[in-house]
Every structure is written in C-alpha cells, then in structure tokens.
Amino acid sequence: MQLLESRHLRSRHQRWKKLVALVAIAVVGAAGWKAWDSGRPRYLQWKQRRALEQAKAFIEQRDASNAKLALDVALRTLPGNPDVIRTAADMLEQSGSPDAMRLRRTVVQLLPRSAEDAARLVLCCLRFRDFNAAKDALSSTPPDVSAELPMLQAALAFAIATDNRPVADILFEKLRESAPNNDALLHGHALLRLRHPKEEEQLAARRQLEELAARNPEFALQIHREFAAHALQRGDYVELKKRQALILAHPGATFTDHLQKANVDLLVDKAEFEPLFANLAPLAIGNESDVVQFTQWLLVQSRAKEADIWLAGLPKDLLETTAVRAAEADVVAQLGDWDRLALLLEAGAWGPISRDTIRLALAARTVNSPSRPSLRRETWDMTLDSASGNLPALRVLQRLAAVWRWDDESERTLWSIARTFPAQTWAHQSLFNIYRSRKDIKGMREVMGILRQSEGSVTRYQHDWALLSLLAEPTSNWNSAKDTMRALHEAEPANATYSTGYAFALAQAGKAQEALAIVEKMSELERQYPPRQPFLAFVYGVAKKSEELEQAAKLAEGAEFLPEETYLFTRAREELNRKPPKPAGAAAKVDPTAGL
C-alpha cells in the first residue's frame, strides 16, 4: 500500500512538472510570437532598404541582371509602398530601362491625386519616346490635377516633343503667369517656335535664344547645339560651322560634340578619314561611354578592322568593362568572326546566356541552307527553348538574329519575349512596327491583344485592340470589340478618339443615327483630323450623308492608311447607294389584273 501511494504521489508530481513545462513553453512561444509580430515590420523595412541599396550598387556597376533581382526583392518585400516603387522607378530610369514607365504608372494608380507623380510618368514616357503612353498619362489625369504646375510643365514638354505649337503656346502663356522668370520654360518654348512655318516667328525665337544664351551661361552650350542642328536641317553649312566652333570652344563640350564635327567634315567637306581618326582616338579614352560611342561611330563608317585594333590597345581596366566588352562583340560581329564572338557572348558581352544556348544559335547558322530552310527554323526553335524564361538570353538571341538579318527568327524571338515578359513593351512595339510595315492588321491586333491583357489599365491598348478587331473582322453583330468602344466612350465622352471608335462601331451595327449623333457632337477641328476620315466616312455613308462623305475623302488625301482603312471609303459609298430595307411586315403590293 505504501509502495502504491508512493508511486501515485511521484506520478502526480511528474504530471505537475509536465503541466508547468507546457505552460512555460506556451508563455515563451506567445512572447516570442508577439516579439516577432511586432518586430517583423521593422525587419521587412530593413530588408527592403537593403535590397534597394544593393540594386543601386548593381546599377552603378552596370550589372543589370542582379539589379533587377534586387529590385524585385525590394518590391515584393512590402508590396504597394508608393515611396519604394517610386525609388525603384528612379533607379530604372537612371539606368535607361523602359520598365520605369510601368512602375511610375503603378505609383499614379496608388496616388491618383499626386500631380508630381503624374508628371513624372509623362516625362518618363517622353524620355523613352513612347508618345502614346505619354498621351494616355495626360488624358487619364483628373482635370483639377492636370491644372497643377507639375502637370502643366509635363503637358508643355509633351507639346514640344510632338511639335504641337498651338497647344504649346497656350500652355506657355499659362505657365508664364505662374513662373514669369523661368528661363527653362522660355528656352523650351523658343526652341519649338524655331521650327515655326512663319519666318517672323522663327526670327523672334532666334532673338530670344540668343539673348538667353548671352544672359544665362547654363543654356548657352545647349542653345548653340540647337542652332547647329537647325542649320544642318536647313543645309546652312556656314551657320553650322560657326556654331560648331562655338560649341567646341565651350568648356562643357563633350566627345559627342567632336564626333558631330567629324561627321560634318566627312559628309560636307569630304575630309579624309585617317586624320579625323587620329584626332578623335585620343579624345575617346576618357571613359567607357566615349569608348563605346567612338566604336559605334567607326562601325557606322564600316571601319570594324580599325575599331578592333584600337580597342585592343585600350587600358585593361577600360577594355574589361561591361559596356566596352559589348561594343567589342559588335565589332567582332561586323568582322564576321563567329568563333571569337561565341567566346565573347559566353563571357556575357551582350548579357548572361548559357554556353549551350550560344552553341545552338551557332548551329542554326551552320545548318542554314536555302535548300532546307526548315532545318534552320527547327534549330532556332531549339535555341529559343533553351533560353525559355531567361530575358537576358532572349535579348542576346534577338540581337544575334538581327546581326544575321534573319527576319523570321528575329520575329519569333520577339514573340518569345513579348508573351513571357509583357512588361518589355519595346518587344511589342518592335513587333507592331514589323506588322505595320507589312500592313498585317491581324498581326497588329495580336500584339495589342497581349498588351491589353497584361496592362488592362492602359486604355490606349483597349482602344487599339478594339479598332483593329473592327477593321480585321467587320460584322454587324454586337461583339466584345464594340462593347469595348462603348465603355471607353462612356468613360470619356469628350475624347474624340473614343467618340470616333464608338461611332464606327455603331455604324457597323447599322445604328446610323446614333453614330451620326456622336460625330456631330465633336468639334469641327476634331472632325477634320486626317487619320479619322476613313471611320467618319463610313459613318456618313451608313447615314446617307453624301456631301460629308466626300468632304472626308478630300481631307484624307495624302494621308497613309492601312488597306482595311482605305477600303472603308469604298464601303461608305456602297452604303450610301444601298436601298433601305422594306419595313418589317409590309405586304407586297398585288396587281389585281395580273394573270388576266
């Protein structure tokens, strides 16, 4: 009995010890979780800052692949932070990456009332010469935000970049009221007026620029460059040489200025190449940017051999930089030394790519034969498969296909990039340009379809896809393309582009009076815009407006259209002459004497 009681007490004591241990573990776990939960945001913020710092360092080292990885970590760590996204966009823009546009668009979506961020988006689009994206950014900004100073400045920059003098004049007057002593505004506006068709406007602009150059040394060098470019366009070589002498005498003159002078010497004065080369070569070794620029200039002059010898004599630390190695690969490609090019590409001269992918690409070239074109195609498809999902490798292959002038392989490589990496809009633009030059409307629509799916917030992609669909597959049925046009018009009824598209959709569906009512709400200036005339003509044809149709045809003279757009004038005249259908249910008139 005592033994049993002793065992019972011991087991009860052990149960208490276990219970206390479990409670202690729970308390410690709860405390640890609370500490982790409270400290986690600080850890994530630290991780995000560190990733941004790493990205900045990689950008400075021109290490694009690692910079992208670091930026991806920063953006994923605490997603949706506009400050971080803005910083990432700044870095990408600084490094010359068009991905900055996508990030700036995200910031604007998060902060739709920020005029500063909206303006940065417009200016970023202008920097990468995506004028349609800049126009979308301007038109999608709320009116009161558009009236703020940063957006007015961005709108003026867009007007200047697109050579829209009337709009630039209006914006300049608005901005001058708020910033009367802003030399940058004066400079931009005078530069635009320098290209004005009226000679008196040009002379007034020249006087303003001369006065500004004398008053503000900060603008003097740039103004001399602009005068030089304007003189070159006019063929005024006396003025051109005068300006180039002033440019090269300026302490801020760059190697680019010396190259411009050499171009004039070669093309205008027919100077000998060798003395120019001897003068430029010592000036080009200041930094890698000048080295690359000089190398590319030599390649344009078809002087790959001289470029190769000159590069070999550069200091080792300069020769081994990423940018110079890439230029060296360009030289070797022009020389046609494919074995040496393979070694440079395997070393990453054009970007990271595996040895197997390079060997497959060169194998495609080896099997290239006019008698068996399918063999080259199949081998290139294997090459693309080996680079699948690897953007840098695909870009190298695209560059290689361009060097070999393989149009089909280049196109298929662009599609691999466009489908897998929708943010690489340069690939979509390249494809669109290819199909535009071929007048291939279905190819153009396919490109816009991918952009529409990947960037649904960009209304231009929605509109262009819908318009190309209506042209490629005309039908009276109401379909998704017509629905898209209706939605765009309802969202922005004052947008003449969307009004034209919706009126065209209605006319295709046989709703002539509804289509005409929309067109008649547009201003006369908007109706006279040449690219709109095929669509307006079709509306007029369906609505039986012969005079307006012929006026649209006259306004379209000299403009370039797709075949499907040109055919709309024919369809319009067919609709104009088509007899209206008989009213539903109307009985046929019977002759009572018939058959007698």
# chains A, B, ... in the order shown; residues from 1 in each chain; ligands from 1
>>> residues_around(residues="A:Ala326", least_positions_apart="5", cutoff="12 Å", atoms="only C-alpha atoms", output="ChimeraX atom specification")
/A:62,288-289,291-293,295-296,311,319-321,331-333,341,344-352,396,399
>>> select_by_dssp(residues="stretch 253-398 of chain A", states="alpha helix (DSSP H)", output="PyMOL selection string")
chain A and resi 255-267+273-280+288-300+304-312+316-319+322-335+338-346+355-366+373-386+391-398
>>> closest_residue(among="A:Trp415, A:Met91, A:Ala537, A:Asn132", to="A:Arg460", atoms="only C-alpha atoms")
A:Asn132
>>> residues_around(residues="stretch 402-405 of chain A", least_positions_apart="4", cutoff="10 Å", atoms="only C-alpha atoms", output="MDAnalysis selection string")
chainID A and resid 330 333:334 336 365 396:398 409:411
>>> write_last_selection(atoms="N, CA and C atoms", output="PDB file, in the first residue's frame")
ATOM      1  N   ASP A 330      30.167  43.765 -80.808  1.00  0.00           N
ATOM      2  CA  ASP A 330      29.589  44.371 -82.019  1.00  0.00           C
ATOM      3  C   ASP A 330      30.625  44.424 -83.146  1.00  0.00           C
ATOM      4  N   ALA A 333      31.237  40.981 -84.493  1.00  0.00           N
ATOM      5  CA  ALA A 333      30.094  40.558 -85.319  1.00  0.00           C
ATOM      6  C   ALA A 333      30.183  41.161 -86.708  1.00  0.00           C
ATOM      7  N   GLN A 334      30.574  42.446 -86.799  1.00  0.00           N
ATOM      8  CA  GLN A 334      30.718  43.070 -88.121  1.00  0.00           C
ATOM      9  C   GLN A 334      31.867  42.448 -88.899  1.00  0.00           C
ATOM     10  N   GLY A 336      32.547  39.357 -88.709  1.00  0.00           N
ATOM     11  CA  GLY A 336      32.110  38.012 -89.068  1.00  0.00           C
ATOM     12  C   GLY A 336      32.955  36.914 -88.463  1.00  0.00           C
ATOM     13  N   ARG A 365      23.081  28.651 -87.534  1.00  0.00           N
ATOM     14  CA  ARG A 365      23.780  29.333 -88.640  1.00  0.00           C
ATOM     15  C   ARG A 365      24.537  28.330 -89.502  1.00  0.00           C
ATOM     16  N   VAL A 396      19.861  38.568 -76.114  1.00  0.00           N
ATOM     17  CA  VAL A 396      21.096  38.261 -76.866  1.00  0.00           C
ATOM     18  C   VAL A 396      20.735  37.586 -78.187  1.00  0.00           C
ATOM     19  N   LEU A 397      19.795  36.632 -78.130  1.00  0.00           N
ATOM     20  CA  LEU A 397      19.397  35.932 -79.353  1.00  0.00           C
ATOM     21  C   LEU A 397      18.737  36.886 -80.350  1.00  0.00           C
ATOM     22  N   GLN A 398      17.938  37.813 -79.840  1.00  0.00           N
ATOM     23  CA  GLN A 398      17.316  38.797 -80.720  1.00  0.00           C
ATOM     24  C   GLN A 398      18.382  39.652 -81.418  1.00  0.00           C
ATOM     25  N   GLU A 409      13.447  34.581 -87.667  1.00  0.00           N
ATOM     26  CA  GLU A 409      13.937  34.220 -86.334  1.00  0.00           C
ATOM     27  C   GLU A 409      13.855  35.412 -85.376  1.00  0.00           C
ATOM     28  N   SER A 410      14.138  36.595 -85.908  1.00  0.00           N
ATOM     29  CA  SER A 410      14.039  37.800 -85.086  1.00  0.00           C
ATOM     30  C   SER A 410      12.606  37.998 -84.603  1.00  0.00           C
ATOM     31  N   GLU A 411      11.657  37.806 -85.509  1.00  0.00           N
ATOM     32  CA  GLU A 411      10.243  37.974 -85.152  1.00  0.00           C
ATOM     33  C   GLU A 411       9.809  36.962 -84.098  1.00  0.00           C
TER      34      GLU A 411
END
>>> closest_residue(among="A:Trp310, A:Tyr567, A:Phe432, A:Phe538", to="A:Trp465", atoms="only C-alpha atoms")
A:Phe432
>>> residues_around(residues="A:Glu550", least_positions_apart="4", cutoff="10 Å", atoms="only C-alpha atoms", output="list in words")
Ala537, Tyr540, Gly541, Lys545, Ser546, Lys554, Leu555, Ala556, Phe569, Ala572 and Arg573 of chain A
>>> closest_residue(among="A:Arg438, A:Ile353, A:Glu575, A:Trp406", to="A:Asn368", atoms="only C-alpha atoms")
A:Trp406
>>> atom_distance(atom1="atom CA of A:Pro251", atom2="atom CA of A:Leu283")
14.4 Å
>>> residues_around(residues="A:Ala363", least_positions_apart="6", cutoff="9 Å", atoms="only C-alpha atoms", output="ChimeraX atom specification")
/A:376,379-380
>>> write_last_selection(atoms="N, CA and C atoms", output="short mmCIF file (atom, residue, chain, number, x, y, z; two decimals), in the first residue's frame")
data_model
loop_
_atom_site.label_atom_id
_atom_site.label_comp_id
_atom_site.auth_asym_id
_atom_site.auth_seq_id
_atom_site.Cartn_x
_atom_site.Cartn_y
_atom_site.Cartn_z
N ARG A 376 17.06 25.28 -90.40
CA ARG A 376 17.46 26.46 -89.62
C ARG A 376 16.36 26.84 -88.64
N THR A 379 16.21 24.39 -85.68
CA THR A 379 17.34 24.57 -84.77
C THR A 379 17.18 25.84 -83.95
N TRP A 380 16.65 26.89 -84.59
CA TRP A 380 16.42 28.13 -83.84
C TRP A 380 15.33 27.95 -82.78
#
>>> atom_distance(atom1="atom CA of A:Ser354", atom2="atom CA of A:Ala418")
20.9 Å
>>> atom_distance(atom1="atom CA of A:Gln429", atom2="atom CA of A:Phe158")
19.7 Å
>>> residues_around(residues="A:Leu259", least_positions_apart="3", cutoff="12 Å", atoms="only C-alpha atoms", output="PyMOL selection string")
chain A and resi 244+247-248+253-256+262-266+276-277+279-281+283-284+290-291+293-298
>>> write_last_selection(atoms="C-alpha atoms", output="PDB file, in the first residue's frame")
ATOM      1  CA  GLN A 244      30.252  74.054 -84.004  1.00  0.00           C
ATOM      2  CA  ILE A 247      30.446  74.558 -79.149  1.00  0.00           C
ATOM      3  CA  LEU A 248      33.988  73.146 -79.199  1.00  0.00           C
ATOM      4  CA  ALA A 253      31.957  70.482 -74.853  1.00  0.00           C
ATOM      5  CA  THR A 254      31.792  66.679 -74.907  1.00  0.00           C
ATOM      6  CA  PHE A 255      33.224  63.934 -77.060  1.00  0.00           C
ATOM      7  CA  THR A 256      29.820  63.768 -78.784  1.00  0.00           C
ATOM      8  CA  ALA A 262      33.797  64.946 -87.610  1.00  0.00           C
ATOM      9  CA  ASN A 263      30.522  63.905 -89.283  1.00  0.00           C
ATOM     10  CA  VAL A 264      30.212  67.336 -90.881  1.00  0.00           C
ATOM     11  CA  ASP A 265      33.854  67.209 -92.014  1.00  0.00           C
ATOM     12  CA  LEU A 266      33.270  63.817 -93.652  1.00  0.00           C
ATOM     13  CA  LEU A 276      39.947  62.569 -88.322  1.00  0.00           C
ATOM     14  CA  PHE A 277      40.567  59.164 -86.740  1.00  0.00           C
ATOM     15  CA  ASN A 279      42.356  63.406 -83.836  1.00  0.00           C
ATOM     16  CA  LEU A 280      39.381  61.592 -82.275  1.00  0.00           C
ATOM     17  CA  ALA A 281      41.095  58.450 -80.940  1.00  0.00           C
ATOM     18  CA  LEU A 283      39.789  62.039 -77.035  1.00  0.00           C
ATOM     19  CA  ALA A 284      37.715  58.864 -76.829  1.00  0.00           C
ATOM     20  CA  ASP A 290      33.077  57.729 -75.046  1.00  0.00           C
ATOM     21  CA  VAL A 291      34.823  54.472 -75.983  1.00  0.00           C
ATOM     22  CA  GLN A 293      30.350  55.910 -78.820  1.00  0.00           C
ATOM     23  CA  PHE A 294      33.579  56.075 -80.821  1.00  0.00           C
ATOM     24  CA  THR A 295      33.413  52.342 -81.534  1.00  0.00           C
ATOM     25  CA  GLN A 296      29.843  52.619 -82.803  1.00  0.00           C
ATOM     26  CA  TRP A 297      30.847  55.596 -84.954  1.00  0.00           C
ATOM     27  CA  LEU A 298      33.637  53.546 -86.509  1.00  0.00           C
TER      28      LEU A 298
END
>>> residues_around(residues="A:His428", least_positions_apart="5", cutoff="9 Å", atoms="only C-alpha atoms", output="NGL selection string")
:A and (414-415 or 417-418 or 422 or 433 or 447-448 or 450-451)
>>> closest_residue(among="A:Ala119, A:Leu568, A:Ala487, A:Leu186", to="A:Phe172", atoms="only C-alpha atoms")
A:Leu186
>>> closest_residue(among="A:Lys442, A:Arg486, A:Arg234, A:Lys579", to="A:His463", atoms="only C-alpha atoms")
A:Arg486
